[in-house]
Amino acid sequence: MKFKIKFLPYERFRAGGFSGIFKDLKENTIILIDAKLRPEEERRLIEETMRHVSGRFKGIELGSLELPEKNGLEWIRNRFFEFLEGKKRGITILGPAKLVRNIKKNPEELLLYTY
């Protein structure tokens, strides 16, 4: 099965809402977002996914990874950048369930498995 991979800056994700994301997901596009989604964003994404589920669109696989903090200074630095940039440092992967079998999260990496 053919698919595309799309890199989506977090700022564009927040500004564009979910409509463009679901259009891409329904066209077999795996989306990489350059930030870890906040819990409320993940919740809204899952709720919106349930509205889009149909015979042709079976849902999504979602995986997020936050950059590890090795000490207190890194924790302070990351909170400072979160405040300035408005995003959590990390990465989020979204893929259509008919294409992505699962996304495994290890402490410092995400593994995406396709069918």
# chains A, B, ... in the order shown; residues from 1 in each chain; ligands from 1
call {"tool": "select_by_dssp", "arguments": {"residues": "region 1-88 of chain A", "states": "alpha helix (DSSP H)", "output": "MDAnalysis selection string"}}
result
chainID A and resid 10:16 19:26 39:52 72:85
call {"tool": "closest_atom_pairs", "arguments": {"of": "region 25-63 of chain A", "to": "region 70-83 of chain A", "cutoff": "12 Å", "atoms": "only C-alpha atoms", "output": "JSON lines"}}
result
{"residue": "A:Ala35", "atom": "CA", "partner": "A:Glu82", "partner_atom": "CA", "distance": 10.0}
{"residue": "A:Lys36", "atom": "CA", "partner": "A:Glu82", "partner_atom": "CA", "distance": 10.7}
{"residue": "A:Leu37", "atom": "CA", "partner": "A:Glu82", "partner_atom": "CA", "distance": 11.9}
{"residue": "A:Arg38", "atom": "CA", "partner": "A:Glu82", "partner_atom": "CA", "distance": 11.3}
call {"tool": "closest_residue", "arguments": {"among": "A:Met50, A:Leu45, A:Ile31, A:Ile5", "to": "Phe18 (chain A)", "atoms": "only C-alpha atoms"}}
result
A:Leu45
call {"tool": "atom_distance", "arguments": {"atom1": "CA of Lys88 (chain A)", "atom2": "CA of Glu27 (chain A)"}}
result
27.6 Å
call {"tool": "atom_distance", "arguments": {"atom1": "CA of Gly20 (chain A)", "atom2": "CA of Gly86 (chain A)"}}
result
21.1 Å
call {"tool": "select_by_dssp", "arguments": {"residues": "chain A", "states": "strand (DSSP E)", "output": "PyMOL selection string"}}
result
chain A and resi 4-8+29-33+60-66+90-96+100-106+109-114
call {"tool": "write_last_selection", "arguments": {"atoms": "C-alpha atoms", "output": "compact mmCIF listing (two decimals), in the first residue's frame"}}
result
# COMPACT_ATOMS: atom_id res chain seq x y z
CA LYS A 4 3.06 9.63 2.14
CA ILE A 5 4.85 11.13 5.12
CA LYS A 6 4.09 14.74 6.01
CA PHE A 7 6.01 16.90 8.46
CA LEU A 8 3.65 19.37 10.12
CA THR A 29 -0.56 10.07 4.96
CA ILE A 30 1.53 9.57 8.09
CA ILE A 31 1.88 12.89 9.90
CA LEU A 32 4.87 13.91 12.04
CA ILE A 33 4.36 16.91 14.34
CA ILE A 60 -5.81 6.44 13.75
CA GLU A 61 -2.72 5.25 15.56
CA LEU A 62 -1.12 7.92 17.72
CA GLY A 63 2.26 8.03 19.43
CA SER A 64 4.01 10.85 21.27
CA LEU A 65 7.47 11.17 22.72
CA GLU A 66 8.70 13.88 25.05
CA GLY A 90 9.17 16.17 21.50
CA ILE A 91 7.44 14.55 18.53
CA THR A 92 3.99 13.16 17.70
CA ILE A 93 3.22 10.59 14.99
CA LEU A 94 -0.28 10.10 13.56
CA GLY A 95 -1.16 7.45 11.02
CA PRO A 96 -4.31 5.88 9.57
CA VAL A 100 -0.17 1.69 10.67
CA ARG A 101 -0.29 -1.55 12.65
CA ASN A 102 1.02 0.05 15.85
CA ILE A 103 3.41 2.60 17.29
CA LYS A 104 5.68 1.34 20.07
CA LYS A 105 7.17 3.78 22.53
CA ASN A 106 10.52 3.11 24.14
CA GLU A 109 12.30 6.52 20.60
CA LEU A 110 9.10 5.72 18.73
CA LEU A 111 8.85 2.73 16.39
CA LEU A 112 6.13 2.74 13.73
CA TYR A 113 5.06 -0.60 12.23
CA THR A 114 3.01 -0.77 9.04
